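One structure below.
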Amino acid sequence: MESVSKRLKAHYESKFAEFGASPRGVDWGKDEELLLRYQKMLSVMRPQADTTVSMLDVGCGYGGLFDYAEGHGVKFDYAGIDVAENMIAYAKTHHPNGAFHLGDVLHHSFDRRFDYVVCNGILTQKLETKIREMDQFCNALVHRMFDLCDVGVAFNVMSSKVNFMADNLYYRCPLEMFSFCLDNLSNKVRIDHAYPLFEYTVYVYKE
């Protein structure tokens, strides 16, 4: 699984060095698609009273989700973690109100827990990784996210219910992903497969 993180690190550092703080800098497509994904990540949050919720953004990149949330008046205690060193350096410089960590979430030691943990994009990209290894990485990452949360998690995966598959992307059957979460995490699972992208977002909540 460390090899997956190393491939992702090299890939995203290269993209960011070439394209900077933009959708192409995190290897996404159009601006509106990236904004839709941010919206889906924030949809994990349940209505709160007057308390401030905390969120960990796994694969936070240059802090795009944090930008989006601030621009839409979302108030939370935000932290992000990423393996891409140049992205984290940018995020720390441009987002002083967030806490950004350089490291692999599977091995990083946090001194706190979070209400919500989200992962936008990491589990849609496999690069040259074999399917079985990527499945193992995905399962371990989702387990780790759920261990770190007190309320719930959200993450997206490319859907296998498509008529074309790109070699570099990670596709997983939504029914298989749903069953994995039910069997290993919680019976409070919701999948959003209804938005106009070739992916779905999974929401899993604590009992």
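If you're wondering about the labels, chains in the structure tokens are A, B, ... by order shown, residues count from 1 in each chain, ligands from 1 in order shown.
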
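All residues within region 55-118 of chain A that the backbone DSSP calculation assigns to helix (DSSP H, G or I) are Gly64, Leu65, Phe66, Asp67, Tyr68, Ala69, Glu70, Gly71, Glu85, Asn86, Met87, Ile88, Ala89, Tyr90, Ala91, Lys92, Thr93 and His94 of chain A.
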
With the cut-off set at 9 Å and counting only C-alpha atoms, tabulate each residue of region 24-109 of chain A with an atom at most that distance from an atom of region 188-198 of chain A, showing the nearest atom pair and its distance in Å to one decimal, ordered by chain and increasing number, as CSV.
residue,atom,partner,partner_atom,distance
A:Glu33,CA,A:Leu197,CA,7.8
A:Leu36,CA,A:Tyr195,CA,8.7
A:Lys40,CA,A:Asp192,CA,8.6

Check your understanding: Which is closest to Gly63 (chain A) among A:His11, A:His101, A:Lys75, A:Lys206, if we use only C-alpha atoms?
Key ->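 With only C-alpha atoms as the atom set, the closest residue is A:His101.
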
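Comparing A:Ala79, A:Leu175, A:Val142, A:Val204 by their smallest distance to Leu65 (chain A), the closest is A:Ala79 (using only C-alpha atoms).
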
Spatial neighbours of Val44 (chain A), max dist 10 Å, only C-alpha atoms, sep filter under 3 positions, as a list in words
Gln39, Lys40, Met41, Pro47, Tyr116, Val117, Val118, Val151, Gly152, Val153, Ala154, Phe155, Arg190, Thr201, Val202, Tyr203, Val204 and Tyr205 of chain A

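If you measure from each of A:Cys119, A:Met87, A:Met177, A:Ile131 to Glu18 (chain A) using only C-alpha atoms, the closest one turns out to be A:Met87.
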
Long-range neighbours of Val105 (chain A) as a ChimeraX atom specification, 12 Å cut-off, only C-alpha atoms, 2 positions minimum in chain: /A:1-2,5,56-60,79-83,100-103,107-110,117-119,122,137,140-148

Apply DSSP to the structure's backbone, then extract all residues of region 19-103 of chain A labelled strand (DSSP E or B) and return them as an MDAnalysis selection string. chainID A and resid 53:58 76:82 99:102

For the selection you just gave me, I'd like the residues written to a file as a PDB file, in the first residue's frame, keeping C-alpha atoms.
ATOM      1  CA  VAL A  53     -17.778  20.856  13.733  1.00  0.00           C
ATOM      2  CA  SER A  54     -14.354  19.567  12.760  1.00  0.00           C
ATOM      3  CA  MET A  55     -13.336  18.005   9.450  1.00  0.00           C
ATOM      4  CA  LEU A  56     -10.268  16.195   8.136  1.00  0.00           C
ATOM      5  CA  ASP A  57      -9.775  16.427   4.368  1.00  0.00           C
ATOM      6  CA  VAL A  58      -7.722  13.433   3.169  1.00  0.00           C
ATOM      7  CA  PHE A  76     -15.833  24.484  10.601  1.00  0.00           C
ATOM      8  CA  ASP A  77     -12.584  23.497  12.252  1.00  0.00           C
ATOM      9  CA  TYR A  78     -10.687  22.315   9.186  1.00  0.00           C
ATOM     10  CA  ALA A  79      -7.579  20.170   8.799  1.00  0.00           C
ATOM     11  CA  GLY A  80      -6.118  18.679   5.640  1.00  0.00           C
ATOM     12  CA  ILE A  81      -3.479  16.067   4.908  1.00  0.00           C
ATOM     13  CA  ASP A  82      -1.703  15.200   1.658  1.00  0.00           C
ATOM     14  CA  ALA A  99      -4.276  23.202   9.602  1.00  0.00           C
ATOM     15  CA  PHE A 100      -2.380  21.331   6.896  1.00  0.00           C
ATOM     16  CA  HIS A 101      -0.296  18.194   7.414  1.00  0.00           C
ATOM     17  CA  LEU A 102       2.254  16.627   5.076  1.00  0.00           C
TER      18      LEU A 102
END

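Among the candidate residues A:Val162, A:Lys9, A:Tyr170, A:Ser186, the one lying nearest to Glu133 (chain A) is A:Tyr170, with distances computed using only C-alpha atoms.
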
inquiry  = Quick check, in Å to one decimal: how far apart do CA of Val74 (chain A) and CA of Arg37 (chain A) lie?
reply    =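 Computing the Euclidean distance for CA of Val74 (chain A) and CA of Arg37 (chain A) yields 15.4 Å.
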
ask   = Taking into account only C-alpha atoms, which residue in the set A:Phe66, A:Gly73, A:Leu8, A:Gly121 is nearest to Lys92 (chain A)?
value =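 Nearest candidate to Lys92 (chain A) out of A:Phe66, A:Gly73, A:Leu8, A:Gly121: A:Phe66.
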
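Here CA of Asp183 (chain A) stands at a distance of 25.2 Å from CA of Thr129 (chain A).
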
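From CA of Glu85 (chain A) back to CA of Phe16 (chain A), the distance works out to 10.0 Å.
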
**OP:** Return the single residue from A:Gln125, A:Val4, A:Trp28, A:Cys149 that is closest to Met165 (chain A), with distances computed using only C-alpha atoms.
**Re:**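 Counting only C-alpha atoms, the residue closest to Met165 (chain A) is A:Gln125.
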